[in-house]
$ cat upload.txt   # compact mmCIF, C-alpha atoms
# COMPACT_ATOMS: atom_id res chain seq x y z
CA MET A 16 -12.79 -4.41 27.28
CA THR A 17 -10.94 -4.09 23.96
CA ARG A 18 -7.35 -2.93 24.27
CA ILE A 19 -5.99 -0.74 21.46
CA GLY A 20 -2.24 -0.14 21.41
CA ILE A 21 -0.90 2.90 19.53
CA PHE A 22 2.84 2.88 18.85
CA ASP A 23 4.20 6.36 19.57
CA TYR A 24 7.45 6.87 17.67
CA GLY A 25 7.73 10.49 18.81
CA ALA A 26 6.40 12.09 15.64
CA GLY A 27 3.84 14.44 17.09
CA ASN A 28 0.27 14.92 18.21
CA LEU A 29 -1.82 11.74 18.32
CA HIS A 30 -4.83 13.44 19.89
CA SER A 31 -7.10 13.38 16.81
CA LEU A 32 -6.47 9.67 16.24
CA VAL A 33 -7.05 8.75 19.89
CA LYS A 34 -10.22 10.85 19.99
CA ALA A 35 -11.57 9.16 16.85
CA ILE A 36 -11.24 5.61 18.19
CA GLU A 37 -11.65 5.78 21.97
CA GLY A 38 -14.85 5.30 23.92
CA GLY A 39 -17.31 2.59 24.81
CA GLU A 40 -15.69 -0.74 25.60
CA ARG A 41 -12.29 0.36 24.32
CA LYS A 42 -9.15 1.21 26.25
CA VAL A 43 -6.56 3.10 24.17
CA SER A 44 -2.95 3.10 25.31
CA VAL A 45 -0.07 5.01 23.72
CA ASP A 46 3.38 3.47 24.17
CA THR A 47 6.89 4.19 22.86
CA ASP A 48 7.74 0.46 23.03
CA ILE A 49 6.22 -1.37 20.09
CA ARG A 50 6.51 -4.71 21.89
CA SER A 51 4.23 -3.31 24.58
CA SER A 52 1.81 -2.00 21.96
CA LEU A 53 1.66 -5.49 20.44
CA LYS A 54 0.30 -6.86 23.71
CA ALA A 55 -2.98 -5.02 23.04
CA ASP A 56 -5.79 -6.63 21.05
CA ILE A 57 -4.95 -4.50 18.02
CA LEU A 58 -1.85 -2.51 17.06
CA ILE A 59 -2.15 0.89 15.42
CA LEU A 60 0.74 2.53 13.57
CA PRO A 61 -0.12 6.25 13.38
CA GLY A 62 0.45 8.52 10.44
CA VAL A 63 2.71 11.46 11.24
CA GLY A 64 6.48 11.72 10.88
CA ALA A 65 9.39 10.47 8.79
CA PHE A 66 10.01 6.85 7.78
CA GLY A 67 13.58 6.67 9.06
CA ALA A 68 12.82 7.98 12.53
CA ALA A 69 9.70 5.81 12.82
CA VAL A 70 11.42 2.53 11.98
CA ALA A 71 14.42 3.42 14.16
CA ALA A 72 12.03 3.86 17.09
CA MET A 73 11.12 0.17 16.78
CA GLY A 74 14.54 -0.62 18.20
CA GLY A 75 15.25 -3.47 15.81
CA ALA A 76 11.92 -5.21 16.47
CA GLN A 77 10.86 -5.28 12.80
CA GLY A 78 11.18 -9.05 12.53
CA TYR A 79 9.27 -9.58 15.75
CA VAL A 80 6.45 -7.31 14.55
CA ARG A 81 6.40 -8.90 11.09
CA SER A 82 6.03 -12.38 12.59
CA ALA A 83 3.20 -11.26 14.87
CA LEU A 84 1.30 -9.62 12.00
CA ALA A 85 1.89 -12.57 9.66
CA ASP A 86 0.43 -14.83 12.37
CA GLY A 87 -2.78 -12.78 12.35
CA LYS A 88 -2.28 -10.03 14.92
CA PRO A 89 -4.76 -7.26 14.01
CA CYS A 90 -3.04 -4.06 12.89
CA LEU A 91 -4.04 -0.78 11.27
CA GLY A 92 -1.40 1.44 9.65
CA VAL A 93 -2.36 5.05 8.89
CA CYS A 94 -0.44 7.06 6.25
CA LEU A 95 3.19 6.69 7.41
CA GLY A 96 2.00 3.67 9.39
CA MET A 97 0.95 2.02 6.11
CA GLN A 98 4.37 2.79 4.61
CA MET A 99 6.09 1.16 7.60
CA LEU A 100 4.50 -2.15 6.58
CA PHE A 101 6.74 -2.23 3.48
CA ASP A 102 10.43 -3.09 3.02
CA ALA A 103 12.07 0.32 2.65
CA SER A 104 11.47 3.96 1.69
CA GLU A 105 13.17 6.49 -0.58
CA GLU A 106 12.40 9.10 2.06
CA THR A 107 15.37 7.98 4.14
CA PRO A 108 17.95 6.14 1.97
CA GLY A 109 20.16 3.89 4.04
CA ALA A 110 17.80 3.91 6.99
CA GLU A 111 16.70 0.78 8.80
CA SER A 112 14.27 -1.44 6.93
CA GLY A 113 10.55 -1.32 7.42
CA ILE A 114 8.48 -4.13 8.89
CA GLY A 115 8.46 -5.92 5.55
CA LEU A 116 5.05 -7.55 5.94
CA ILE A 117 4.13 -6.44 2.41
CA PRO A 118 6.95 -6.84 -0.13
CA GLY A 119 7.60 -3.58 -1.93
CA GLN A 120 9.02 -0.09 -1.71
CA VAL A 121 7.88 3.39 -0.71
CA THR A 122 8.72 5.96 -3.38
CA ARG A 123 8.39 9.72 -3.75
CA LEU A 124 5.53 11.08 -5.82
CA LEU A 125 6.90 12.34 -9.16
CA THR A 126 4.22 14.96 -9.70
CA THR A 127 4.47 18.72 -10.06
CA LYS A 128 2.52 19.23 -6.84
CA VAL A 129 4.13 17.58 -3.82
CA PRO A 130 3.06 16.90 -1.16
CA HIS A 131 -0.37 15.61 -2.02
CA MET A 132 -2.55 17.54 0.42
CA GLY A 133 -6.32 17.67 0.89
CA TRP A 134 -9.36 15.62 -0.03
CA ASN A 135 -9.19 13.10 -2.85
CA GLU A 136 -11.25 10.21 -4.19
CA ILE A 137 -10.88 6.54 -3.28
CA GLU A 138 -11.33 4.04 -6.11
CA TRP A 139 -12.20 0.64 -4.66
CA VAL A 140 -11.02 -2.44 -6.55
CA SER A 141 -13.85 -4.79 -7.49
CA ARG A 142 -13.80 -8.26 -5.94
CA GLY A 143 -13.71 -9.93 -9.34
CA GLU A 144 -10.79 -7.80 -10.48
CA ARG A 145 -8.80 -8.62 -7.36
CA GLU A 146 -9.60 -12.34 -7.41
CA THR A 147 -8.94 -13.00 -11.11
CA GLY A 148 -5.86 -10.85 -11.46
CA ASN A 149 -7.18 -8.86 -14.43
CA ALA A 150 -6.14 -5.55 -12.93
CA LYS A 151 -3.29 -3.57 -14.40
CA ARG A 152 -0.58 -2.29 -12.08
CA GLU A 153 0.08 1.44 -11.98
CA THR A 154 3.05 2.61 -9.97
CA GLY A 155 3.12 5.71 -7.80
CA ASN A 156 5.10 7.41 -10.59
CA GLY A 157 2.18 7.07 -12.98
CA LYS A 158 3.63 4.19 -15.02
CA ARG A 159 1.31 1.35 -16.05
CA GLU A 160 2.42 -2.27 -15.97
CA ALA A 161 0.69 -5.61 -16.49
CA GLY A 162 -0.41 -7.35 -13.32
CA ASN A 163 1.27 -10.67 -12.57
CA GLY A 164 -1.95 -12.47 -11.73
CA LYS A 165 -1.10 -13.28 -8.09
CA ARG A 166 -4.03 -12.79 -5.76
CA GLU A 167 -4.27 -13.63 -2.09
CA THR A 168 -7.36 -15.16 -0.56
CA ILE A 169 -9.74 -12.35 0.29
CA VAL A 170 -10.55 -12.33 3.96
CA ALA A 171 -13.73 -10.59 5.10
CA ASP A 172 -13.41 -7.06 3.72
CA SER A 173 -16.99 -6.00 4.31
CA ALA A 174 -16.24 -3.03 6.56
CA LEU A 175 -13.79 -1.65 4.01
CA ARG A 176 -15.80 -2.27 0.86
CA GLN A 177 -19.16 -1.34 2.32
CA SER A 178 -17.89 1.78 4.08
CA GLN A 179 -19.24 3.94 1.24
CA MET A 180 -16.20 6.13 1.81
CA SER A 181 -15.56 7.65 -1.59
CA ALA A 182 -13.13 10.39 -0.54
CA ALA A 183 -10.69 11.05 2.29
CA TYR A 184 -8.11 13.54 3.52
CA PHE A 185 -4.53 12.93 2.37
CA ALA A 186 -1.19 14.44 3.38
CA ASN A 187 1.62 12.51 1.71
CA ALA A 188 4.68 13.02 -0.46
CA TYR A 189 5.47 9.29 -0.65
CA VAL A 190 3.43 6.32 -1.85
CA CYS A 191 3.57 2.54 -1.50
CA GLU A 192 4.46 0.28 -4.42
CA PRO A 193 3.78 -3.39 -3.59
CA GLU A 194 5.69 -5.95 -5.64
CA ASP A 195 2.30 -7.16 -6.94
CA ASP A 196 -1.24 -5.88 -6.68
CA SER A 197 -2.63 -8.63 -4.45
CA PRO A 198 -2.78 -6.56 -1.23
CA ILE A 199 -4.40 -3.53 -2.92
CA LEU A 200 -8.04 -2.83 -2.07
CA ALA A 201 -8.23 0.74 -3.38
CA TRP A 202 -6.38 3.28 -5.52
CA THR A 203 -6.17 7.06 -5.54
CA THR A 204 -5.00 9.37 -8.35
CA HIS A 205 -3.04 12.57 -7.77
CA GLN A 206 -2.37 14.48 -10.99
CA ASP A 207 -0.84 11.78 -13.28
CA ALA A 208 0.14 9.35 -10.51
CA ARG A 209 -2.10 6.50 -9.39
CA PHE A 210 -1.14 4.83 -6.12
CA ALA A 211 -2.42 2.30 -3.61
CA SER A 212 -4.52 4.03 -0.96
CA VAL A 213 -5.80 0.93 0.91
CA VAL A 214 -3.96 -2.38 1.32
CA ARG A 215 -4.64 -5.52 3.27
CA THR A 216 -2.78 -8.72 4.09
CA ALA A 217 -3.78 -11.18 6.82
CA ASN A 218 -5.40 -9.08 9.57
CA THR A 219 -3.40 -5.96 8.75
CA VAL A 220 -4.89 -3.00 6.90
CA GLY A 221 -2.98 0.04 5.71
CA VAL A 222 -4.55 3.31 4.55
CA GLN A 223 -2.56 6.11 2.91
CA PHE A 224 -5.10 8.74 3.98
CA HIS A 225 -6.02 10.05 7.42
CA PRO A 226 -9.44 8.67 8.44
CA GLU A 227 -9.30 10.59 11.73
CA LYS A 228 -9.19 13.84 9.69
CA SER A 229 -11.82 12.73 7.16
CA SER A 230 -14.97 13.94 8.90
CA VAL A 231 -17.72 11.60 10.12
CA SER A 232 -17.26 9.12 7.26
CA GLY A 233 -13.58 8.74 8.13
CA ARG A 234 -14.26 8.13 11.80
CA ASN A 235 -16.97 5.61 10.95
CA PHE A 236 -14.56 3.92 8.56
CA VAL A 237 -11.67 3.59 11.00
CA ASN A 238 -13.91 2.25 13.75
CA GLY A 239 -15.53 -0.22 11.37
CA VAL A 240 -12.12 -1.48 10.26
CA ILE A 241 -10.98 -1.90 13.87
CA ASP A 242 -14.12 -3.88 14.71
CA GLU A 243 -13.73 -6.13 11.67
CA LEU A 244 -10.05 -6.86 12.28
CA LEU A 245 -10.80 -7.77 15.89
CA GLN A 246 -13.50 -10.20 14.73
CA CYS A 247 -11.05 -11.87 12.34
CA LYS A 248 -8.20 -12.43 14.79

$ encode --input "upload.txt" --output "structure tokens"
Amino acid sequence: MTRIGIFDYGAGNLHSLVKAIEGGERKVSVDTDIRSSLKADILILPGVGAFGAAVAAMGGAQGYVRSALADGKPCLGVCLGMQMLFDASEETPGAESGIGLIPGQVTRLLTTKVPHMGWNEIEWVSRGERETGNAKRETGNGKREAGNGKRETIVADSALRQSQMSAAYFANAYVCEPEDDSPILAWTTHQDARFASVVRTANTVGVQFHPEKSSVSGRNFVNGVIDELLQCK
């Protein structure tokens, strides 16, 4: 039996996420204590709420969580859950820090239409581009910068790259800006802003979209990612 632990930071309804991933040989538990959620085979950080309240609900356990994830604990962060993997967010200035597994900041979209709501395309980064460091960096504010050439070793990304998921449902006003492009597996463009929509480091994957709200392809994607991360632990 595979144990899936969802960290409930009191942000709202988790029913659609639980429904998308439960069943078969899986036992899904929802817990308000992130240390308890970490005892499961895989940790899921759900995607509804505000950054400040979510990180405060960790009760100061950011370092503990960061160490567990850096050591290979499987984790999936969805929307806000992906943002929690970073250092800090403009959404709540002065709030507690994020988990800090991926160096970088969460910034507000500087587009005329905010929040970014609805279906949008996912642009997957080619393996060669990610390995050689030829990619250019584009921040969430639409600015383009040269990449610094750093690239992490690519762990098995087959479920992500072969998902054939070309579009997903988004609901975000903030985007993640890693210090370098190495964790980025996919980009999405909203008006004139291009931002990271899928990231990965170690056995942690973050997605800025909501796979549980992205029809059959989204549910297939999230379940494929969970299976792959569990195989890599």

$ residues_around --input "upload.txt" --residues "stretch 23-27 of chain A" --least-positions-apart "6" --cutoff "10 Å" --atoms "all atoms listed in the file" --output "PyMOL selection string"
chain A and resi 44-49+52+59-65+68-73

$ residues_around --input "upload.txt" --residues "A:Ala217" --least-positions-apart "5" --cutoff "8 Å" --atoms "all atoms listed in the file" --output "list in words"
Leu84, Ala85, Asp86, Gly87 and Val170 of chain A

$ atom_distance --input "upload.txt" --atom1 "atom CA of A:Gly39" --atom2 "atom CA of A:Val214"
27.5 Å

$ atom_distance --input "upload.txt" --atom1 "atom CA of A:Ser141" --atom2 "atom CA of A:Asp196"
12.7 Å

$ atom_distance --input "upload.txt" --atom1 "atom CA of A:Leu116" --atom2 "atom CA of A:Ile19"
20.2 Å

$ closest_residue --input "upload.txt" --among "A:Ala183, A:Val240, A:Val140, A:Ala103" --to "A:Ser197" --atoms "all atoms listed in the file"
A:Val140
